[in-house]
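Novice: My structure is in work.txt, and what it holds is compact mmCIF, C-alpha atoms:
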```
# COMPACT_ATOMS: atom_id res chain seq x y z
CA MET A 25 215.11 141.35 -20.55
CA ILE A 26 217.93 139.81 -22.57
CA GLU A 27 221.64 140.62 -22.38
CA LEU A 28 223.11 142.03 -25.59
CA ARG A 29 225.74 139.28 -25.80
CA THR A 30 222.95 136.68 -25.99
CA ILE A 31 221.32 138.55 -28.89
CA ALA A 32 224.69 138.89 -30.64
CA ALA A 33 225.13 135.12 -30.47
CA TRP A 34 221.80 134.63 -32.29
CA ILE A 35 223.03 136.62 -35.29
CA ASP A 36 226.76 135.84 -35.20
CA GLY A 37 227.46 139.48 -34.32
CA THR A 38 230.51 141.20 -32.89
CA ILE A 39 229.79 143.66 -30.07
CA GLU A 40 231.47 147.03 -29.81
CA GLY A 41 230.55 148.52 -26.43
CA ASP A 42 228.91 147.13 -23.30
CA GLU A 43 227.88 143.52 -23.96
CA THR A 44 225.90 143.31 -20.70
CA ILE A 45 223.30 145.90 -21.75
CA LEU A 46 219.78 144.57 -21.13
CA ILE A 47 217.45 144.62 -24.15
CA SER A 48 213.67 144.45 -23.80
CA ASP A 49 212.48 144.93 -27.39
CA ALA A 50 213.52 145.37 -31.03
CA LYS A 51 212.21 148.46 -32.85
CA VAL A 52 212.89 150.39 -36.06
CA TRP A 53 215.19 153.40 -35.91
CA ALA A 54 212.50 156.08 -35.61
CA LYS A 55 210.77 154.40 -32.65
CA ALA A 56 213.66 152.86 -30.73
CA GLY A 57 214.52 154.15 -27.24
CA ARG A 58 216.43 153.05 -24.18
CA GLY A 59 216.24 149.32 -23.66
CA ASP A 60 215.65 148.70 -27.41
CA ILE A 61 217.85 147.32 -30.16
CA THR A 62 217.51 148.70 -33.70
CA PHE A 63 219.43 148.55 -37.01
CA TRP A 64 220.89 151.03 -39.50
CA GLU A 65 221.71 150.56 -43.18
CA GLY A 66 221.61 154.19 -44.31
CA ARG A 67 224.38 156.73 -44.92
CA THR A 68 227.78 155.82 -43.51
CA ASP A 69 228.19 159.38 -42.23
CA GLU A 70 225.12 159.13 -39.98
CA ASP A 71 225.85 160.46 -36.50
CA LEU A 72 224.89 157.56 -34.23
CA SER A 73 225.27 159.77 -31.19
CA ARG A 74 221.73 160.99 -31.94
CA CYS A 75 220.39 157.46 -31.55
CA THR A 76 218.27 156.92 -28.44
CA ALA A 77 218.35 153.10 -28.62
CA SER A 78 220.64 151.06 -26.38
CA ALA A 79 222.13 149.05 -29.26
CA VAL A 80 222.33 149.30 -33.06
CA ILE A 81 222.94 146.49 -35.53
CA VAL A 82 225.27 147.72 -38.31
CA ALA A 83 227.36 146.21 -41.10
CA ARG A 84 230.75 144.76 -40.21
CA ASP A 85 232.54 147.44 -42.24
CA TRP A 86 230.60 150.36 -40.69
CA PRO A 87 233.29 153.08 -40.41
CA THR A 88 232.02 154.88 -37.29
CA PRO A 89 233.00 153.66 -33.81
CA ALA A 90 230.35 153.16 -31.18
CA PRO A 91 229.35 156.31 -29.26
CA ASP A 92 229.49 156.22 -25.48
CA GLN A 93 225.79 155.56 -24.82
CA VAL A 94 225.16 153.10 -27.70
CA ALA A 95 226.58 149.63 -28.31
CA LEU A 96 227.10 148.40 -31.87
CA VAL A 97 226.55 144.85 -33.07
CA ARG A 98 228.43 144.28 -36.32
CA VAL A 99 226.99 141.67 -38.71
CA GLU A 100 227.02 140.76 -42.41
CA CYS A 101 223.46 141.92 -43.18
CA PRO A 102 221.86 144.28 -40.64
CA ILE A 103 218.26 144.07 -41.89
CA GLU A 104 218.31 140.27 -41.99
CA ALA A 105 219.84 140.12 -38.51
CA PHE A 106 217.28 142.59 -37.13
CA ALA A 107 214.41 140.52 -38.55
CA LEU A 108 215.76 137.46 -36.76
CA VAL A 109 216.15 139.36 -33.49
CA LEU A 110 212.63 140.81 -33.76
CA LYS A 111 211.20 137.37 -34.38
CA ARG A 112 213.05 135.82 -31.44
CA ILE A 113 212.24 138.60 -28.96
CA ARG A 114 208.56 138.91 -29.85
CA GLY A 115 207.90 135.25 -30.62
CA LEU A 116 206.75 135.90 -34.19
CA GLU A 117 207.44 132.41 -35.52
CA ILE A 118 204.91 131.52 -38.22
CA HIS A 119 202.52 128.76 -37.16
CA ARG A 120 203.25 125.54 -38.96
CA PRO A 121 200.43 122.99 -39.26
CA GLU A 122 201.23 119.43 -38.31
CA GLY A 123 200.06 116.29 -40.06
CA ILE A 124 197.03 116.21 -42.35
CA HIS A 125 193.95 118.13 -41.25
CA PRO A 126 190.81 115.94 -41.12
CA THR A 127 188.98 118.22 -43.58
CA ALA A 128 191.72 117.97 -46.23
CA VAL A 129 191.07 115.77 -49.28
CA VAL A 130 194.11 113.75 -50.36
CA ASP A 131 193.79 111.34 -53.28
CA PRO A 132 194.93 107.78 -52.39
CA THR A 133 197.47 107.84 -55.24
CA ALA A 134 199.23 110.96 -53.92
CA GLN A 135 202.67 110.46 -52.33
CA LEU A 136 203.43 112.62 -49.30
CA ALA A 137 206.94 112.37 -47.86
CA PRO A 138 207.61 112.34 -44.10
CA GLY A 139 206.97 115.64 -42.35
CA VAL A 140 204.51 117.03 -44.92
CA ALA A 141 201.77 119.16 -43.32
CA VAL A 142 198.39 119.75 -44.98
CA GLY A 143 196.00 122.46 -43.74
CA ALA A 144 192.22 122.55 -43.51
CA HIS A 145 190.12 122.09 -46.68
CA ALA A 146 193.16 121.59 -48.91
CA TYR A 147 192.80 119.35 -51.98
CA ILE A 148 195.60 117.14 -53.34
CA GLY A 149 194.86 115.38 -56.63
CA LYS A 150 195.81 112.13 -58.30
CA GLY A 151 199.47 111.20 -58.60
CA VAL A 152 200.75 114.27 -56.74
CA VAL A 153 204.21 113.96 -55.19
CA ILE A 154 205.20 116.23 -52.28
CA GLY A 155 208.71 116.28 -50.77
CA GLU A 156 209.80 116.18 -47.15
CA ARG A 157 208.72 118.88 -44.70
CA SER A 158 206.68 120.85 -47.22
CA VAL A 159 203.68 122.80 -45.90
CA ILE A 160 200.37 122.92 -47.77
CA GLY A 161 198.21 125.72 -46.36
CA ALA A 162 194.46 125.88 -45.83
CA GLY A 163 192.35 125.81 -48.96
CA VAL A 164 195.24 125.03 -51.32
CA VAL A 165 194.31 123.15 -54.51
CA ILE A 166 196.97 120.94 -56.10
CA GLY A 167 195.94 119.46 -59.44
CA ASP A 168 196.63 115.97 -60.73
CA GLY A 169 200.23 115.05 -61.47
CA CYS A 170 201.88 118.02 -59.73
CA MET A 171 205.33 117.55 -58.23
CA ILE A 172 206.46 119.61 -55.22
CA GLY A 173 209.96 119.42 -53.77
CA ALA A 174 211.19 119.41 -50.19
CA ASP A 175 210.77 122.30 -47.73
CA CYS A 176 208.24 124.16 -49.89
CA VAL A 177 205.56 126.41 -48.40
CA LEU A 178 202.23 126.98 -50.15
CA HIS A 179 200.25 129.60 -48.28
CA PRO A 180 196.42 129.54 -48.12
CA ARG A 181 194.36 129.42 -51.34
CA VAL A 182 197.25 128.77 -53.70
CA VAL A 183 196.15 126.91 -56.85
CA LEU A 184 198.45 124.63 -58.85
CA TYR A 185 197.00 123.46 -62.15
CA PRO A 186 197.74 119.85 -63.20
CA ARG A 187 201.35 118.81 -63.87
CA THR A 188 202.90 121.96 -62.37
CA VAL A 189 206.39 121.30 -60.98
CA LEU A 190 207.95 123.11 -58.01
CA GLY A 191 211.57 122.56 -56.98
CA ASN A 192 212.93 122.56 -53.44
CA ARG A 193 212.40 125.43 -50.97
CA VAL A 194 209.83 127.21 -53.14
CA ILE A 195 207.53 129.67 -51.34
CA VAL A 196 204.19 130.57 -52.90
CA HIS A 197 202.10 133.23 -51.17
CA ALA A 198 198.33 133.33 -50.76
CA GLY A 199 196.10 133.40 -53.80
CA ALA A 200 198.77 132.75 -56.43
CA VAL A 201 197.65 130.70 -59.45
CA LEU A 202 200.35 128.65 -61.16
CA GLY A 203 200.05 126.74 -64.41
CA ALA A 204 196.77 128.16 -65.76
CA ASP A 205 195.96 128.31 -69.49
CA GLY A 206 197.78 131.03 -71.38
CA PHE A 207 195.98 133.81 -73.23
CA GLY A 208 196.31 132.13 -76.61
CA TYR A 209 193.65 132.80 -79.25
CA ARG A 210 193.57 132.73 -83.06
CA ARG A 211 191.23 134.65 -85.34
CA THR A 212 189.36 132.35 -87.74
CA SER A 213 186.26 132.48 -89.89
CA ARG A 214 184.45 131.09 -86.85
CA GLY A 215 185.68 133.93 -84.64
CA LEU A 216 188.27 133.74 -81.85
CA VAL A 217 189.41 130.17 -81.22
CA HIS A 218 191.29 129.24 -78.06
CA VAL A 219 194.50 127.25 -78.55
CA GLU A 220 194.65 124.44 -76.01
CA HIS A 221 197.70 124.69 -73.76
CA LEU A 222 199.28 121.26 -73.36
CA GLY A 223 202.60 122.32 -71.83
CA GLN A 224 203.42 122.84 -68.17
CA LEU A 225 205.00 125.23 -65.68
CA ILE A 226 208.33 124.41 -64.04
CA VAL A 227 209.53 126.46 -61.06
CA GLU A 228 213.12 125.78 -60.04
CA ASP A 229 214.67 125.72 -56.53
CA ASP A 230 214.57 128.65 -54.09
CA VAL A 231 211.97 130.69 -55.98
CA GLU A 232 209.51 132.90 -54.08
CA ILE A 233 206.21 133.91 -55.70
CA GLY A 234 204.08 136.71 -54.25
CA ALA A 235 200.42 136.87 -53.34
CA ASN A 236 197.91 136.77 -56.23
CA ALA A 237 200.66 136.37 -58.82
CA THR A 238 199.76 134.36 -61.92
CA ILE A 239 202.09 132.31 -64.12
CA ASP A 240 200.71 130.46 -67.16
CA ARG A 241 201.85 127.07 -68.39
CA GLY A 242 203.41 126.65 -71.84
CA THR A 243 201.39 126.13 -74.99
CA PHE A 244 203.09 122.92 -76.11
CA GLU A 245 206.32 122.91 -74.09
CA GLU A 246 206.97 124.73 -70.81
CA THR A 247 207.08 128.02 -68.98
CA ARG A 248 210.12 128.06 -66.68
CA ILE A 249 211.06 130.20 -63.67
CA GLY A 250 214.80 130.09 -62.95
CA ARG A 251 216.45 129.18 -59.68
CA GLY A 252 216.50 131.85 -56.95
CA THR A 253 214.14 134.25 -58.71
CA LYS A 254 211.87 136.38 -56.50
CA ILE A 255 208.48 137.47 -57.85
CA ASP A 256 206.38 140.12 -56.10
CA ASN A 257 202.61 140.30 -55.61
CA LEU A 258 200.24 140.74 -58.59
CA VAL A 259 202.76 139.81 -61.27
CA GLN A 260 201.59 138.17 -64.52
CA ILE A 261 203.97 135.95 -66.51
CA ALA A 262 202.48 134.55 -69.69
CA HIS A 263 202.86 131.23 -71.49
CA ASN A 264 206.22 130.00 -72.85
CA CYS A 265 208.28 132.58 -70.93
CA ARG A 266 211.74 131.62 -69.73
CA ILE A 267 212.64 133.66 -66.65
CA GLY A 268 216.33 133.35 -65.78
CA PRO A 269 217.96 132.69 -62.41
CA ASN A 270 218.05 135.28 -59.62
CA ASN A 271 215.66 137.74 -61.26
CA LEU A 272 213.83 140.31 -59.11
CA ILE A 273 210.38 141.17 -60.49
CA ALA A 274 208.40 143.85 -58.62
CA ALA A 275 204.63 144.18 -58.17
CA GLN A 276 202.22 144.53 -61.10
CA VAL A 277 204.78 143.65 -63.75
CA GLY A 278 203.36 141.99 -66.88
CA ILE A 279 205.54 139.84 -69.13
CA ALA A 280 203.94 138.72 -72.38
CA GLY A 281 204.33 135.27 -73.92
CA SER A 282 207.55 133.67 -75.17
CA THR A 283 209.85 136.30 -73.66
CA THR A 284 213.18 135.23 -72.18
CA THR A 285 215.15 136.97 -69.44
CA GLY A 286 218.78 136.36 -68.53
CA ARG A 287 220.52 136.18 -65.18
CA CYS A 288 220.02 138.76 -62.40
CA VAL A 289 217.45 140.87 -64.25
CA MET A 290 215.61 143.51 -62.18
CA ILE A 291 212.17 144.71 -63.32
CA GLY A 292 210.53 147.65 -61.54
CA GLY A 293 206.88 147.86 -60.53
CA GLN A 294 204.19 148.15 -63.22
CA ALA A 295 206.65 147.64 -66.07
CA GLY A 296 205.33 145.86 -69.15
CA VAL A 297 207.39 143.62 -71.43
CA ARG A 298 206.19 142.72 -74.93
CA ASP A 299 206.06 139.17 -76.28
CA HIS A 300 208.89 137.29 -78.02
CA LEU A 301 211.68 139.50 -76.62
CA THR A 302 215.09 138.62 -75.20
CA ILE A 303 216.23 140.50 -72.10
CA GLY A 304 219.95 140.04 -71.45
CA ASP A 305 221.87 139.35 -68.23
CA HIS A 306 222.04 142.01 -65.48
CA VAL A 307 219.45 144.23 -67.15
CA THR A 308 217.50 146.78 -65.08
CA ILE A 309 214.06 147.81 -66.31
CA GLY A 310 212.71 150.90 -64.56
CA ALA A 311 209.30 151.15 -62.93
CA MET A 312 206.38 151.65 -65.37
CA ALA A 313 208.66 151.14 -68.38
CA GLY A 314 207.16 149.82 -71.60
CA VAL A 315 209.63 147.42 -73.20
CA ILE A 316 208.89 146.90 -76.91
CA ALA A 317 212.30 145.69 -78.10
CA SER A 318 214.94 143.25 -76.85
CA VAL A 319 217.49 144.64 -74.38
CA ASP A 320 221.23 143.93 -74.40
CA SER A 321 222.99 142.66 -71.28
CA ARG A 322 224.06 145.12 -68.57
CA THR A 323 221.72 147.84 -69.79
CA THR A 324 219.28 150.01 -67.83
CA VAL A 325 216.14 151.08 -69.68
CA LEU A 326 213.46 153.57 -68.67
CA GLY A 327 210.31 155.15 -70.03
CA ILE A 328 207.55 154.46 -72.54
CA PRO A 329 208.73 153.16 -74.90
CA ALA A 330 211.73 151.99 -72.90
CA GLN A 331 215.10 153.33 -74.01
CA PRO A 332 218.62 153.31 -72.54
CA GLU A 333 218.91 155.37 -69.37
CA ARG A 334 221.03 158.18 -70.85
CA GLU A 335 218.64 158.80 -73.75
CA ALA A 336 215.62 158.44 -71.48
CA ARG A 337 216.87 161.10 -69.08
CA LYS A 338 217.44 163.52 -71.96
CA THR A 339 213.90 162.85 -73.14
CA TYR A 340 212.49 163.49 -69.67
CA THR A 341 214.42 166.78 -69.45
CA VAL A 342 212.93 168.00 -72.73
CA PHE A 343 209.47 166.71 -71.83
CA ARG A 344 209.39 168.75 -68.63
CA LYS A 345 210.20 171.87 -70.65
CA LEU A 346 207.50 171.38 -73.29
CA PRO A 347 205.10 174.03 -71.85
CA GLN A 348 207.84 176.70 -71.96
CA LEU A 349 208.95 175.57 -75.41
CA TRP A 350 205.38 175.80 -76.68
CA GLU A 351 205.03 179.34 -75.34
CA SER A 352 208.30 180.32 -77.03
CA VAL A 353 207.24 178.83 -80.36
CA ARG A 354 203.84 180.52 -80.21
CA ASP A 355 205.45 183.89 -79.42
CA LEU A 356 207.92 183.55 -82.29
CA THR A 357 205.10 182.61 -84.66
CA ARG A 358 203.16 185.75 -83.76
CA ARG A 359 206.21 187.94 -84.26
CA VAL A 360 206.97 186.44 -87.66
CA GLN A 361 203.37 186.85 -88.76
CA SER A 362 203.37 190.52 -87.73
CA LEU A 363 206.40 191.17 -89.95
CA GLU A 364 205.00 189.46 -93.01
CA LYS A 365 202.47 190.93 -95.55
CA PRO A 366 200.32 188.88 -97.88
CA THR A 367 201.88 188.66 -101.37
CA GLY A 368 200.17 190.76 -104.14
CA VAL A 369 197.97 192.85 -101.82
CA ARG A 370 198.51 196.63 -101.68
CA SER A 371 197.49 198.94 -98.87
CA ARG A 372 195.40 202.15 -99.29
CA GLY A 373 198.56 204.21 -98.77
CA ASP A 374 200.14 202.49 -101.76
CA ASP A 375 197.09 203.32 -103.97
CA GLY A 376 197.22 207.03 -103.00
CA GLN A 377 200.89 207.33 -103.89
CA LEU A 378 200.28 205.76 -107.31
CA GLU A 379 197.44 208.25 -108.05
CA GLN A 380 199.62 211.24 -107.14
CA ARG A 381 202.37 210.02 -109.45
CA ARG A 382 199.90 209.55 -112.30
CA ARG A 383 198.59 213.14 -111.99
CA ALA A 384 202.06 214.60 -111.70
CA GLY A 385 203.11 212.79 -114.83
```
Would you mind writing the structure in this file as structure tokens?

Specialist:
Amino acid sequence: MIELRTIAAWIDGTIEGDETILISDAKVWAKAGRGDITFWEGRTDEDLSRCTASAVIVARDWPTPAPDQVALVRVECPIEAFALVLKRIRGLEIHRPEGIHPTAVVDPTAQLAPGVAVGAHAYIGKGVVIGERSVIGAGVVIGDGCMIGADCVLHPRVVLYPRTVLGNRVIVHAGAVLGADGFGYRRTSRGLVHVEHLGQLIVEDDVEIGANATIDRGTFEETRIGRGTKIDNLVQIAHNCRIGPNNLIAAQVGIAGSTTTGRCVMIGGQAGVRDHLTIGDHVTIGAMAGVIASVDSRTTVLGIPAQPEREARKTYTVFRKLPQLWESVRDLTRRVQSLEKPTGVRSRGDDGQLEQRRRAG
């Protein structure tokens, strides 16, 4: 059991309510009860009196005062603070290997700074340079000439092709492959010929790359991932791309070769971006969008093909009504056809009237 004031000190929080409340566990909102601490980032009009937890972590500017039975801990970022509390209470610190495992293979020409840890069965090639305190997980393969900055973490089975460069504090999750050949082929009289990729991949500081993501090196120059960008699992970024700083790229996104993104671009899951495009600053690309043209800064695009949000929503509205529109068109067509008669064709009634007139004449 831990007093609430001790927990508040961990997260630089300000307590509103009883600071001596004893906390035994940290749980999400739906499962928290007495003796637990939770967090809330939802609607500001939420009635916290319904909360059964003993304490709730909220934003500093949360407008509601603490109810009688619940203490509030006000912080800058509730979800980040809750994660820290959960980790401290439950002892969820990630195991960090120490030193170089005896089964690891490290080339004699590699330079490992103080504090570098290398896991079991990892391979580090010729001329590799690794900065201070970086962690190389089990089964990682680092090709010749790679450079890795300080405080990086490469989780198990990451593969870095030769001459890949990682900045400081880069995190690469399990199974990611960085710096592979791009998908570059040319049609010739001899069939498809692969263009050798002689460039490299450069990943700047504070980038995080998700599990099983793949980023190809440049054809003759470089592919570059900008500082602070976060890339989700199963993302593919092709050769010669220039991804700007602080981008957020969700799972299963595919970005074709030689495309450039600006600052603070957000790309939703399963979106596809064509080659040789320019995506401006602060652009949002909706999930499953198909981007076939460059996008101006501060624009949101949706749909296939992607178009500005206002036009896309109009299109979706009409699309949903297509079955009713089709029924209306078909009904109108039938009515028009029933009113029309084929040109130059007379009915039997017309023939009878003509015969009567002939006899009368």

Novice: Between A:Thr44, A:Ser213, A:Thr308, A:Thr88, which is the closest to A:Asn271 once you count all atoms listed in the file?

Specialist: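 Once distances to A:Asn271 are computed over all atoms listed in the file, the minimum belongs to A:Thr308.
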
Novice: One decimal, in Å: what's the spacing between atom CA of A:Ala274 and atom CA of A:Asp240?

Specialist: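 Those two atoms sit 17.6 Å apart.
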
Novice: Name all residues at most 7 Å from A:Ala200 (count all atoms listed in the file; drop same-chain ones fewer than 6 positions away) and give them as number ranges by chain.

Specialist: A: 182-183, 234-238

Novice: Interatomic distance between atom CA of A:Val52 and atom CA of A:Trp64?

Specialist: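 Separation of atom CA of A:Val52 and atom CA of A:Trp64: 8.7 Å.
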
Novice: Hey, can you check how far atom CA of A:Gln276 sits from atom CA of A:Arg210?

Specialist: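 It comes out at 26.4 Å.
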
Novice: Which residues are close to A:Pro138, i.e. within 8 Å by all atoms listed in the file, leaving aside same-chain residues fewer than 3 positions away? Reply as a PyMOL selection string.

Specialist: chain A and resi 155-157

Novice: Using all atoms listed in the file, which residue out of A:Phe106, A:Asn264, A:Ile35, A:Arg84 lies closest to A:Asp60?

Specialist: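 Selected residue with least distance to A:Asp60: A:Phe106.
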
Novice: Quick one: residues within 8 Å of (207.9, 128.2, -53.6) (file frame), counting all atoms listed in the file, please, as an MDAnalysis selection string.

Specialist: chainID A and resid 176:178 190:196 227 229:233

Novice: Report as a list in words all protein, DNA and RNA residues lying within 9 Å of A:Ala137, evaluated on all atoms listed in the file, omitting residues in the same chain fewer than 2 positions from it.

Specialist: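 Everything that qualifies: Gln135, Gly139, Val140, Val153, Ile154, Gly155, Glu156, Arg157, Ser158 and Ala174 of chain A.
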
Novice: Identify which of the residues A:Thr62, A:Ser321, A:Ser48, A:Ser362 lies closest to A:Ala105, counting all atoms listed in the file when measuring atom-to-atom distances.

Specialist: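 Checking each of A:Thr62, A:Ser321, A:Ser48, A:Ser362 against A:Ala105, counting all atoms listed in the file, the winner is A:Thr62.
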
Novice: Smallest atom-to-atom distance to A:Thr302: which of A:Ala330, A:Ala162, A:Ile249, A:Ile316, using all atoms listed in the file?

Specialist: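 For A:Thr302, the nearest of the given residues is A:Ile316.
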
Novice: For each of A:Gly143, A:Gly278, A:Gly252, A:Pro126, take the minimum atom-to-atom distance to A:Arg298, counting all atoms listed in the file, then give the residue where this is smallest.

Specialist: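 Going through A:Gly143, A:Gly278, A:Gly252, A:Pro126 one by one, the smallest distance to A:Arg298 is for A:Gly278.
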
Novice: Using all atoms listed in the file - which residues lie no farther than 6 Å from the point (201.9, 134.5, -47.8) in the file's frame? Write them as JSON, numbers by chain.

Specialist: {"A": [179, 197, 198]}

Novice: Between A:His263, A:Ala311, A:Leu110, A:Ile81, single out the one closest to A:Gly293, counting only C-alpha atoms.

Specialist: A:Ala311
